[in-house]
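What follows is the content of start_13.pdb (PDB, C-alpha atoms).
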```pdb
MODEL        1
ATOM      1  CA  MET A   1      87.389  66.240 131.698  1.00  0.00           C
ATOM      2  CA  ASP A   2      86.382  64.915 128.319  1.00  0.00           C
ATOM      3  CA  SER A   3      87.427  61.424 127.286  1.00  0.00           C
ATOM      4  CA  LEU A   4      89.971  62.568 124.668  1.00  0.00           C
ATOM      5  CA  LYS A   5      91.953  64.601 127.208  1.00  0.00           C
ATOM      6  CA  ARG A   6      91.755  61.790 129.728  1.00  0.00           C
ATOM      7  CA  THR A   7      92.984  59.264 127.165  1.00  0.00           C
ATOM      8  CA  ALA A   8      95.859  61.581 126.224  1.00  0.00           C
ATOM      9  CA  LEU A   9      96.839  61.900 129.892  1.00  0.00           C
ATOM     10  CA  GLU A  10      96.700  58.128 130.309  1.00  0.00           C
ATOM     11  CA  LEU A  11      98.918  57.736 127.242  1.00  0.00           C
ATOM     12  CA  LEU A  12     101.383  60.268 128.659  1.00  0.00           C
ATOM     13  CA  LEU A  13     101.467  58.314 131.918  1.00  0.00           C
ATOM     14  CA  GLY A  14     102.125  55.116 129.958  1.00  0.00           C
ATOM     15  CA  ILE A  15     104.908  56.829 128.006  1.00  0.00           C
ATOM     16  CA  LEU A  16     106.513  57.884 131.269  1.00  0.00           C
ATOM     17  CA  LEU A  17     106.214  54.441 132.864  1.00  0.00           C
ATOM     18  CA  PHE A  18     107.498  52.506 129.848  1.00  0.00           C
ATOM     19  CA  GLY A  19     110.201  55.107 129.264  1.00  0.00           C
ATOM     20  CA  LEU A  20     111.475  54.560 132.785  1.00  0.00           C
ATOM     21  CA  LEU A  21     111.343  50.797 132.265  1.00  0.00           C
ATOM     22  CA  PHE A  22     113.290  51.032 128.990  1.00  0.00           C
ATOM     23  CA  GLU A  23     115.747  53.413 130.648  1.00  0.00           C
ATOM     24  CA  ILE A  24     116.460  51.018 133.503  1.00  0.00           C
ATOM     25  CA  LEU A  25     116.756  48.002 131.198  1.00  0.00           C
ATOM     26  CA  GLY A  26     119.050  49.921 128.880  1.00  0.00           C
ATOM     27  CA  LEU A  27     121.291  51.088 131.694  1.00  0.00           C
ATOM     28  CA  LEU A  28     121.822  47.450 132.608  1.00  0.00           C
ATOM     29  CA  LEU A  29     122.640  46.409 129.027  1.00  0.00           C
ATOM     30  CA  VAL A  30     124.452  49.217 127.172  1.00  0.00           C
ATOM     31  CA  GLU A  31     127.998  50.494 127.503  1.00  0.00           C
ATOM     32  CA  ASP A  32     127.416  54.199 126.735  1.00  0.00           C
ATOM     33  CA  LYS A  33     124.851  54.982 129.426  1.00  0.00           C
ATOM     34  CA  PHE A  34     124.784  58.731 128.785  1.00  0.00           C
ATOM     35  CA  ALA A  35     124.004  58.355 125.078  1.00  0.00           C
ATOM     36  CA  HIS A  36     121.323  55.810 125.961  1.00  0.00           C
ATOM     37  CA  SER A  37     119.700  58.178 128.450  1.00  0.00           C
ATOM     38  CA  ILE A  38     119.745  61.039 125.930  1.00  0.00           C
ATOM     39  CA  GLY A  39     118.231  58.757 123.284  1.00  0.00           C
ATOM     40  CA  ILE A  40     115.450  57.484 125.536  1.00  0.00           C
ATOM     41  CA  GLY A  41     114.720  61.018 126.735  1.00  0.00           C
ATOM     42  CA  CYS A  42     114.510  62.392 123.198  1.00  0.00           C
ATOM     43  CA  GLY A  43     112.312  59.484 122.141  1.00  0.00           C
ATOM     44  CA  MET A  44     109.973  59.992 125.090  1.00  0.00           C
ATOM     45  CA  LEU A  45     109.709  63.701 124.304  1.00  0.00           C
ATOM     46  CA  ILE A  46     108.901  62.876 120.686  1.00  0.00           C
ATOM     47  CA  ALA A  47     106.265  60.360 121.815  1.00  0.00           C
ATOM     48  CA  ALA A  48     104.731  62.872 124.226  1.00  0.00           C
ATOM     49  CA  GLY A  49     104.679  65.547 121.531  1.00  0.00           C
ATOM     50  CA  MET A  50     103.032  63.131 119.126  1.00  0.00           C
ATOM     51  CA  THR A  51     100.380  62.302 121.730  1.00  0.00           C
ATOM     52  CA  ILE A  52      99.572  65.939 122.408  1.00  0.00           C
ATOM     53  CA  HIS A  53      99.516  66.801 118.698  1.00  0.00           C
ATOM     54  CA  MET A  54      97.278  63.822 117.954  1.00  0.00           C
ATOM     55  CA  ALA A  55      94.830  64.804 120.688  1.00  0.00           C
ATOM     56  CA  HIS A  56      94.609  68.385 119.396  1.00  0.00           C
ATOM     57  CA  ASN A  57      94.342  67.208 115.806  1.00  0.00           C
ATOM     58  CA  ILE A  58      91.499  64.782 116.597  1.00  0.00           C
ATOM     59  CA  ASN A  59      89.729  67.373 118.744  1.00  0.00           C
ATOM     60  CA  ASP A  60      89.857  69.902 115.902  1.00  0.00           C
ATOM     61  CA  ALA A  61      88.757  67.342 113.318  1.00  0.00           C
ATOM     62  CA  LEU A  62      85.586  66.612 115.284  1.00  0.00           C
ATOM     63  CA  ASP A  63      84.348  70.125 114.487  1.00  0.00           C
ATOM     64  CA  TRP A  64      84.658  69.789 110.690  1.00  0.00           C
ATOM     65  CA  ASP A  65      82.842  67.832 108.011  1.00  0.00           C
ATOM     66  CA  ALA A  66      84.202  64.427 107.007  1.00  0.00           C
ATOM     67  CA  SER A  67      86.237  65.398 103.932  1.00  0.00           C
ATOM     68  CA  ILE A  68      88.043  68.300 105.610  1.00  0.00           C
ATOM     69  CA  ALA A  69      88.578  66.247 108.766  1.00  0.00           C
ATOM     70  CA  ALA A  70      90.126  63.374 106.794  1.00  0.00           C
ATOM     71  CA  LYS A  71      92.506  65.712 104.985  1.00  0.00           C
ATOM     72  CA  THR A  72      93.474  67.440 108.217  1.00  0.00           C
ATOM     73  CA  LEU A  73      94.110  64.138 109.997  1.00  0.00           C
ATOM     74  CA  LYS A  74      96.281  62.908 107.111  1.00  0.00           C
ATOM     75  CA  ARG A  75      98.227  66.161 107.103  1.00  0.00           C
ATOM     76  CA  GLY A  76      98.744  65.936 110.870  1.00  0.00           C
ATOM     77  CA  SER A  77      99.914  62.345 110.564  1.00  0.00           C
ATOM     78  CA  MET A  78     102.436  63.273 107.877  1.00  0.00           C
ATOM     79  CA  LEU A  79     103.628  66.211 109.982  1.00  0.00           C
ATOM     80  CA  ARG A  80     104.222  63.926 112.969  1.00  0.00           C
ATOM     81  CA  TYR A  81     106.004  61.365 110.788  1.00  0.00           C
ATOM     82  CA  GLY A  82     108.213  64.058 109.277  1.00  0.00           C
ATOM     83  CA  ALA A  83     109.057  65.452 112.698  1.00  0.00           C
ATOM     84  CA  VAL A  84     110.062  61.998 113.949  1.00  0.00           C
ATOM     85  CA  VAL A  85     112.307  61.410 110.938  1.00  0.00           C
ATOM     86  CA  LEU A  86     113.846  64.889 111.153  1.00  0.00           C
ATOM     87  CA  ILE A  87     114.560  64.747 114.883  1.00  0.00           C
ATOM     88  CA  THR A  88     115.958  61.216 114.641  1.00  0.00           C
ATOM     89  CA  MET A  89     118.218  62.184 111.748  1.00  0.00           C
ATOM     90  CA  LEU A  90     119.358  65.266 113.670  1.00  0.00           C
ATOM     91  CA  LEU A  91     120.122  63.111 116.700  1.00  0.00           C
ATOM     92  CA  ALA A  92     122.165  60.729 114.532  1.00  0.00           C
ATOM     93  CA  TYR A  93     123.957  63.536 112.676  1.00  0.00           C
ATOM     94  CA  LEU A  94     124.936  65.435 115.832  1.00  0.00           C
ATOM     95  CA  LYS A  95     125.813  62.183 117.650  1.00  0.00           C
ATOM     96  CA  ILE A  96     124.343  63.418 120.909  1.00  0.00           C
ATOM     97  CA  GLY A  97     122.369  60.291 121.722  1.00  0.00           C
ATOM     98  CA  ASN A  98     121.827  56.685 120.817  1.00  0.00           C
ATOM     99  CA  VAL A  99     119.433  56.433 117.856  1.00  0.00           C
ATOM    100  CA  ILE A 100     118.285  52.929 118.794  1.00  0.00           C
ATOM    101  CA  SER A 101     117.469  54.150 122.296  1.00  0.00           C
ATOM    102  CA  CYS A 102     115.583  57.044 120.717  1.00  0.00           C
ATOM    103  CA  PHE A 103     113.586  54.511 118.709  1.00  0.00           C
ATOM    104  CA  PHE A 104     112.707  52.655 121.916  1.00  0.00           C
ATOM    105  CA  GLY A 105     111.688  55.975 123.472  1.00  0.00           C
ATOM    106  CA  ILE A 106     109.392  56.667 120.522  1.00  0.00           C
ATOM    107  CA  MET A 107     107.957  53.154 120.816  1.00  0.00           C
ATOM    108  CA  THR A 108     106.788  53.960 124.335  1.00  0.00           C
ATOM    109  CA  LEU A 109     103.809  55.575 122.594  1.00  0.00           C
ATOM    110  CA  LYS A 110     102.911  52.199 121.059  1.00  0.00           C
ATOM    111  CA  THR A 111     103.317  50.319 124.324  1.00  0.00           C
ATOM    112  CA  ALA A 112     101.326  53.012 126.122  1.00  0.00           C
ATOM    113  CA  ALA A 113      98.548  52.728 123.533  1.00  0.00           C
ATOM    114  CA  TYR A 114      98.346  48.951 123.909  1.00  0.00           C
ATOM    115  CA  THR A 115      98.248  49.140 127.698  1.00  0.00           C
ATOM    116  CA  GLN A 116      95.986  52.216 127.939  1.00  0.00           C
ATOM    117  CA  PRO A 117      92.871  50.176 128.864  1.00  0.00           C
ATOM    118  CA  ILE A 118      94.774  48.637 131.787  1.00  0.00           C
ATOM    119  CA  VAL A 119      96.082  52.049 132.891  1.00  0.00           C
ATOM    120  CA  HIS A 120      92.524  53.392 132.616  1.00  0.00           C
ATOM    121  CA  LYS A 121      91.173  50.651 134.928  1.00  0.00           C
ATOM    122  CA  VAL A 122      93.947  51.179 137.477  1.00  0.00           C
ATOM    123  CA  ILE A 123      93.417  54.944 137.534  1.00  0.00           C
ATOM    124  CA  ASN A 124      89.654  54.465 137.959  1.00  0.00           C
ATOM    125  CA  LYS A 125      90.262  52.167 140.938  1.00  0.00           C
ATOM    126  CA  ILE A 126      92.694  54.636 142.529  1.00  0.00           C
ATOM    127  CA  PHE A 127      90.523  57.715 141.973  1.00  0.00           C
TER     128      PHE A 127
ENDMDL
END
```
Let me see the file written as C-alpha coordinates.
Amino acid sequence: MDSLKRTALELLLGILLFGLLFEILGLLLVEDKFAHSIGIGCGMLIAAGMTIHMAHNINDALDWDASIAAKTLKRGSMLRYGAVVLITMLLAYLKIGNVISCFFGIMTLKTAAYTQPIVHKVINKIF
(Lines of atoms letter the chains of each structure in order from A and count residues from 1; the text may use other names and numbers.)
(Lines give C-alpha, C1' and ligand atoms only; values in the text may rest on other atoms or scores of the structure.)
Protein backbone atom coordinates (compact mmCIF):
# COMPACT_ATOMS: atom_id res chain seq x y z
CA MET A 1 0.00 0.00 0.00
CA ASP A 2 1.53 3.30 -0.97
CA SER A 3 1.93 6.02 1.63
CA LEU A 4 -0.78 8.30 0.18
CA LYS A 5 -3.46 5.61 0.47
CA ARG A 6 -2.28 4.69 3.94
CA THR A 7 -2.37 8.33 5.05
CA ALA A 8 -5.89 8.70 3.62
CA LEU A 9 -7.02 5.61 5.54
CA GLU A 10 -5.46 6.95 8.73
CA LEU A 11 -7.28 10.26 8.19
CA LEU A 12 -10.56 8.41 7.65
CA LEU A 13 -9.98 6.52 10.90
CA GLY A 14 -9.32 9.82 12.68
CA ILE A 15 -12.48 11.32 11.19
CA LEU A 16 -14.46 8.37 12.51
CA LEU A 17 -12.92 8.52 15.98
CA PHE A 18 -13.28 12.29 16.41
CA GLY A 19 -16.75 12.18 14.88
CA LEU A 20 -17.82 9.68 17.51
CA LEU A 21 -16.25 11.83 20.22
CA PHE A 22 -18.04 14.96 18.98
CA GLU A 23 -21.27 12.97 18.69
CA ILE A 24 -21.10 11.77 22.28
CA LEU A 25 -20.15 15.21 23.62
CA GLY A 26 -22.94 16.82 21.63
CA LEU A 27 -25.53 14.35 22.83
CA LEU A 28 -24.66 15.35 26.38
CA LEU A 29 -24.92 19.09 25.65
CA VAL A 30 -27.61 19.79 23.03
CA GLU A 31 -31.38 19.68 23.29
CA ASP A 32 -32.24 18.51 19.75
CA LYS A 33 -30.24 15.28 19.68
CA PHE A 34 -31.59 14.09 16.33
CA ALA A 35 -30.62 17.28 14.50
CA HIS A 36 -27.20 17.11 16.14
CA SER A 37 -26.68 13.53 15.00
CA ILE A 38 -27.74 14.39 11.44
CA GLY A 39 -25.39 17.39 11.44
CA ILE A 40 -22.40 15.43 12.73
CA GLY A 41 -23.11 12.61 10.28
CA CYS A 42 -23.34 14.98 7.32
CA GLY A 43 -20.17 16.75 8.41
CA MET A 44 -18.29 13.47 8.77
CA LEU A 45 -19.44 12.38 5.31
CA ILE A 46 -18.27 15.70 3.88
CA ALA A 47 -14.91 15.31 5.64
CA ALA A 48 -14.52 11.75 4.37
CA GLY A 49 -15.42 12.82 0.84
CA MET A 50 -12.90 15.65 1.03
CA THR A 51 -10.21 13.21 2.18
CA ILE A 52 -10.87 10.78 -0.64
CA HIS A 53 -11.04 13.56 -3.23
CA MET A 54 -7.82 15.09 -1.93
CA ALA A 55 -6.01 11.75 -2.10
CA HIS A 56 -7.13 11.17 -5.70
CA ASN A 57 -6.34 14.74 -6.66
CA ILE A 58 -2.81 14.56 -5.21
CA ASN A 59 -2.22 11.14 -6.76
CA ASP A 60 -3.22 12.44 -10.19
CA ALA A 61 -1.16 15.61 -9.80
CA LEU A 62 2.00 13.56 -9.21
CA ASP A 63 1.82 12.36 -12.82
CA TRP A 64 1.77 15.85 -14.39
CA ASP A 65 4.27 18.66 -14.75
CA ALA A 66 4.35 21.39 -12.11
CA SER A 67 2.18 24.03 -13.81
CA ILE A 68 -0.64 21.65 -14.71
CA ALA A 69 -0.44 19.99 -11.29
CA ALA A 70 -0.72 23.35 -9.50
CA LYS A 71 -3.76 24.34 -11.54
CA THR A 72 -5.40 20.98 -10.98
CA LEU A 73 -4.78 21.10 -7.23
CA LYS A 74 -6.23 24.63 -7.03
CA ARG A 75 -9.27 23.56 -9.02
CA GLY A 76 -9.77 20.53 -6.76
CA SER A 77 -9.48 22.70 -3.67
CA MET A 78 -12.08 25.14 -4.99
CA LEU A 79 -14.37 22.23 -5.90
CA ARG A 80 -14.13 20.84 -2.36
CA TYR A 81 -14.73 24.28 -0.85
CA GLY A 82 -17.76 24.82 -3.08
CA ALA A 83 -19.17 21.42 -2.19
CA VAL A 84 -18.81 22.15 1.53
CA VAL A 85 -20.58 25.50 1.17
CA LEU A 86 -23.33 24.05 -1.02
CA ILE A 87 -24.05 21.06 1.22
CA THR A 88 -23.98 23.20 4.36
CA MET A 89 -26.36 25.73 2.83
CA LEU A 90 -28.64 22.91 1.70
CA LEU A 91 -28.61 21.46 5.21
CA ALA A 92 -29.53 24.87 6.66
CA TYR A 93 -32.20 25.56 4.03
CA LEU A 94 -33.92 22.18 4.42
CA LYS A 95 -33.54 22.30 8.23
CA ILE A 96 -32.75 18.61 8.43
CA GLY A 97 -29.76 18.92 10.73
CA ASN A 98 -27.85 21.25 12.99
CA VAL A 99 -25.46 23.39 10.93
CA ILE A 100 -23.09 23.95 13.85
CA SER A 101 -22.90 20.19 14.39
CA CYS A 102 -22.22 19.81 10.68
CA PHE A 103 -19.35 22.27 11.06
CA PHE A 104 -17.92 20.17 13.90
CA GLY A 105 -18.29 17.09 11.71
CA ILE A 106 -16.35 18.81 8.93
CA MET A 107 -13.69 19.86 11.44
CA THR A 108 -13.02 16.21 12.21
CA LEU A 109 -10.83 16.31 9.10
CA LYS A 110 -8.67 19.00 10.74
CA THR A 111 -8.42 17.14 14.03
CA ALA A 112 -7.66 13.92 12.16
CA ALA A 113 -4.91 15.67 10.19
CA TYR A 114 -3.30 17.05 13.35
CA THR A 115 -3.39 13.68 15.09
CA GLN A 116 -2.48 11.56 12.04
CA PRO A 117 1.15 11.03 13.16
CA ILE A 118 -0.10 9.64 16.48
CA VAL A 119 -2.65 7.40 14.72
CA HIS A 120 0.14 6.24 12.38
CA LYS A 121 2.36 5.22 15.33
CA VAL A 122 -0.47 3.39 17.07
CA ILE A 123 -1.42 1.49 13.92
CA ASN A 124 2.22 0.53 13.33
CA LYS A 125 2.45 -0.85 16.88
CA ILE A 126 -0.78 -2.82 16.48
CA PHE A 127 0.06 -4.24 13.04
remark   = Computed gap from CA of Phe18 (chain A) to CA of Thr108 (chain A) is 5.7 Å
task = Could you check which of A:Ala113, A:Ala55, A:Ile96, A:Ile123 is closest to Asp32 (chain A), using only C-alpha atoms?
result =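 Going through A:Ala113, A:Ala55, A:Ile96, A:Ile123 one by one, the smallest distance to Asp32 (chain A) is for A:Ile96.
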key: Pick from A:Glu10, A:Glu31, A:Asp2, A:Asp65, whichever lies nearest to Thr115 (chain A) using only C-alpha atoms   =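 Using only C-alpha atoms, the shortest distance to Thr115 (chain A) belongs to A:Glu10.
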Using the chain letters and numbers from the file, give me the residues hit by the PyMOL selection byres ((chain A and resi 80-90) around 12), as a PDB file with C-alpha atoms, in the coordinates of the input.
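Below is the file selection.pdb, written as the result:
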```pdb
ATOM      1  CA  ILE A  38     119.745  61.039 125.930  1.00  0.00           C
ATOM      2  CA  GLY A  39     118.231  58.757 123.284  1.00  0.00           C
ATOM      3  CA  ILE A  40     115.450  57.484 125.536  1.00  0.00           C
ATOM      4  CA  CYS A  42     114.510  62.392 123.198  1.00  0.00           C
ATOM      5  CA  GLY A  43     112.312  59.484 122.141  1.00  0.00           C
ATOM      6  CA  MET A  44     109.973  59.992 125.090  1.00  0.00           C
ATOM      7  CA  LEU A  45     109.709  63.701 124.304  1.00  0.00           C
ATOM      8  CA  ILE A  46     108.901  62.876 120.686  1.00  0.00           C
ATOM      9  CA  ALA A  47     106.265  60.360 121.815  1.00  0.00           C
ATOM     10  CA  ALA A  48     104.731  62.872 124.226  1.00  0.00           C
ATOM     11  CA  GLY A  49     104.679  65.547 121.531  1.00  0.00           C
ATOM     12  CA  MET A  50     103.032  63.131 119.126  1.00  0.00           C
ATOM     13  CA  THR A  51     100.380  62.302 121.730  1.00  0.00           C
ATOM     14  CA  ILE A  52      99.572  65.939 122.408  1.00  0.00           C
ATOM     15  CA  HIS A  53      99.516  66.801 118.698  1.00  0.00           C
ATOM     16  CA  MET A  54      97.278  63.822 117.954  1.00  0.00           C
ATOM     17  CA  ASN A  57      94.342  67.208 115.806  1.00  0.00           C
ATOM     18  CA  LEU A  73      94.110  64.138 109.997  1.00  0.00           C
ATOM     19  CA  LYS A  74      96.281  62.908 107.111  1.00  0.00           C
ATOM     20  CA  ARG A  75      98.227  66.161 107.103  1.00  0.00           C
ATOM     21  CA  GLY A  76      98.744  65.936 110.870  1.00  0.00           C
ATOM     22  CA  SER A  77      99.914  62.345 110.564  1.00  0.00           C
ATOM     23  CA  MET A  78     102.436  63.273 107.877  1.00  0.00           C
ATOM     24  CA  LEU A  79     103.628  66.211 109.982  1.00  0.00           C
ATOM     25  CA  LEU A  91     120.122  63.111 116.700  1.00  0.00           C
ATOM     26  CA  ALA A  92     122.165  60.729 114.532  1.00  0.00           C
ATOM     27  CA  TYR A  93     123.957  63.536 112.676  1.00  0.00           C
ATOM     28  CA  LEU A  94     124.936  65.435 115.832  1.00  0.00           C
ATOM     29  CA  LYS A  95     125.813  62.183 117.650  1.00  0.00           C
ATOM     30  CA  ILE A  96     124.343  63.418 120.909  1.00  0.00           C
ATOM     31  CA  GLY A  97     122.369  60.291 121.722  1.00  0.00           C
ATOM     32  CA  ASN A  98     121.827  56.685 120.817  1.00  0.00           C
ATOM     33  CA  VAL A  99     119.433  56.433 117.856  1.00  0.00           C
ATOM     34  CA  ILE A 100     118.285  52.929 118.794  1.00  0.00           C
ATOM     35  CA  SER A 101     117.469  54.150 122.296  1.00  0.00           C
ATOM     36  CA  CYS A 102     115.583  57.044 120.717  1.00  0.00           C
ATOM     37  CA  PHE A 103     113.586  54.511 118.709  1.00  0.00           C
ATOM     38  CA  PHE A 104     112.707  52.655 121.916  1.00  0.00           C
ATOM     39  CA  GLY A 105     111.688  55.975 123.472  1.00  0.00           C
ATOM     40  CA  ILE A 106     109.392  56.667 120.522  1.00  0.00           C
ATOM     41  CA  MET A 107     107.957  53.154 120.816  1.00  0.00           C
TER      42      MET A 107
END
```
task = To one decimal in Å, tell me the separation between CA of Gly14 (chain A) and CA of Gln116 (chain A).
result = 7.1 Å
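Considering the residues A:Thr111, A:Asn59, A:Ile68, A:Ser3 and counting only C-alpha atoms, Leu16 (chain A) has its shortest atom-to-atom contact with A:Thr111.
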key: Nearest residue to Leu13 (chain A) from the set A:Ala66, A:Lys121, A:Ala61, A:Leu109 (distances using all atoms listed in the file)   =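 Of A:Ala66, A:Lys121, A:Ala61, A:Leu109, the one nearest Leu13 (chain A), counting all atoms listed in the file, is A:Leu109.
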request  = Tell me, in Å to one decimal, how far CA of Leu9 (chain A) is from CA of Leu28 (chain A).
outcome  = 29.0 Å
With all atoms of region 14-33 of chain A from the file as input, state the centre and edge lengths in Å to one decimal of the axis-aligned box that has 5 Å extra on each side, as lines of an AutoDock Vina configuration file.
```
center_x = 115.1
center_y = 52.1
center_z = 130.1
size_x = 35.9
size_y = 21.5
size_z = 16.8
```
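Between Thr7 (chain A) and the candidates A:Lys71, A:His120, A:His36, A:Lys125, the tightest atom-to-atom separation, counting only C-alpha atoms, involves A:His120.
For the set A:Leu62, A:Leu29, A:Ile24, A:Leu17, the residue with the smallest atom-to-atom gap to Leu4 (chain A) is A:Leu62, counting all atoms listed in the file.
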Please complete region 10-30 of chain A so it has N, CA and C atoms, and hand it over as a JSON list (two decimals), keeping the file's coordinate frame.
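After the write, rebuild.json holds the following:
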```
[["chain", "number", "residue", "atom", "x", "y", "z"],
["A", 10, "GLU", "N", 96.36, 59.52, 130.02],
["A", 10, "GLU", "CA", 96.70, 58.13, 130.31],
["A", 10, "GLU", "C", 97.82, 57.65, 129.40],
["A", 11, "LEU", "N", 97.82, 58.08, 128.15],
["A", 11, "LEU", "CA", 98.92, 57.74, 127.24],
["A", 11, "LEU", "C", 100.22, 58.36, 127.72],
["A", 12, "LEU", "N", 100.17, 59.61, 128.15],
["A", 12, "LEU", "CA", 101.38, 60.27, 128.66],
["A", 12, "LEU", "C", 101.93, 59.55, 129.89],
["A", 13, "LEU", "N", 101.03, 59.08, 130.75],
["A", 13, "LEU", "CA", 101.47, 58.31, 131.92],
["A", 13, "LEU", "C", 102.12, 57.01, 131.48],
["A", 14, "GLY", "N", 101.54, 56.34, 130.49],
["A", 14, "GLY", "CA", 102.12, 55.12, 129.96],
["A", 14, "GLY", "C", 103.48, 55.36, 129.33],
["A", 15, "ILE", "N", 103.62, 56.47, 128.60],
["A", 15, "ILE", "CA", 104.91, 56.83, 128.01],
["A", 15, "ILE", "C", 105.96, 57.00, 129.10],
["A", 16, "LEU", "N", 105.58, 57.67, 130.16],
["A", 16, "LEU", "CA", 106.51, 57.88, 131.27],
["A", 16, "LEU", "C", 106.91, 56.56, 131.92],
["A", 17, "LEU", "N", 105.93, 55.71, 132.19],
["A", 17, "LEU", "CA", 106.21, 54.44, 132.86],
["A", 17, "LEU", "C", 107.08, 53.52, 132.00],
["A", 18, "PHE", "N", 106.71, 53.37, 130.72],
["A", 18, "PHE", "CA", 107.50, 52.51, 129.85],
["A", 18, "PHE", "C", 108.85, 53.13, 129.53],
["A", 19, "GLY", "N", 108.92, 54.44, 129.47],
["A", 19, "GLY", "CA", 110.20, 55.11, 129.26],
["A", 19, "GLY", "C", 111.16, 54.83, 130.41],
["A", 20, "LEU", "N", 110.64, 54.88, 131.62],
["A", 20, "LEU", "CA", 111.48, 54.56, 132.78],
["A", 20, "LEU", "C", 111.91, 53.09, 132.77],
["A", 21, "LEU", "N", 111.00, 52.21, 132.36],
["A", 21, "LEU", "CA", 111.34, 50.80, 132.26],
["A", 21, "LEU", "C", 112.43, 50.57, 131.22],
["A", 22, "PHE", "N", 112.27, 51.17, 130.04],
["A", 22, "PHE", "CA", 113.29, 51.03, 128.99],
["A", 22, "PHE", "C", 114.61, 51.67, 129.42],
["A", 23, "GLU", "N", 114.53, 52.75, 130.16],
["A", 23, "GLU", "CA", 115.75, 53.41, 130.65],
["A", 23, "GLU", "C", 116.51, 52.49, 131.59],
["A", 24, "ILE", "N", 115.81, 51.90, 132.53],
["A", 24, "ILE", "CA", 116.46, 51.02, 133.50],
["A", 24, "ILE", "C", 117.04, 49.79, 132.81],
["A", 25, "LEU", "N", 116.25, 49.17, 131.92],
["A", 25, "LEU", "CA", 116.76, 48.00, 131.20],
["A", 25, "LEU", "C", 117.98, 48.36, 130.35],
["A", 26, "GLY", "N", 117.93, 49.50, 129.71],
["A", 26, "GLY", "CA", 119.05, 49.92, 128.88],
["A", 26, "GLY", "C", 120.30, 50.20, 129.69],
["A", 27, "LEU", "N", 120.12, 50.80, 130.85],
["A", 27, "LEU", "CA", 121.29, 51.09, 131.69],
["A", 27, "LEU", "C", 121.99, 49.81, 132.14],
["A", 28, "LEU", "N", 121.22, 48.73, 132.24],
["A", 28, "LEU", "CA", 121.82, 47.45, 132.61],
["A", 28, "LEU", "C", 122.54, 46.78, 131.43],
["A", 29, "LEU", "N", 122.15, 47.15, 130.19],
["A", 29, "LEU", "CA", 122.64, 46.41, 129.03],
["A", 29, "LEU", "C", 123.64, 47.15, 128.14],
["A", 30, "VAL", "N", 123.62, 48.49, 128.12],
["A", 30, "VAL", "CA", 124.45, 49.22, 127.17],
["A", 30, "VAL", "C", 125.74, 49.71, 127.83]]
```
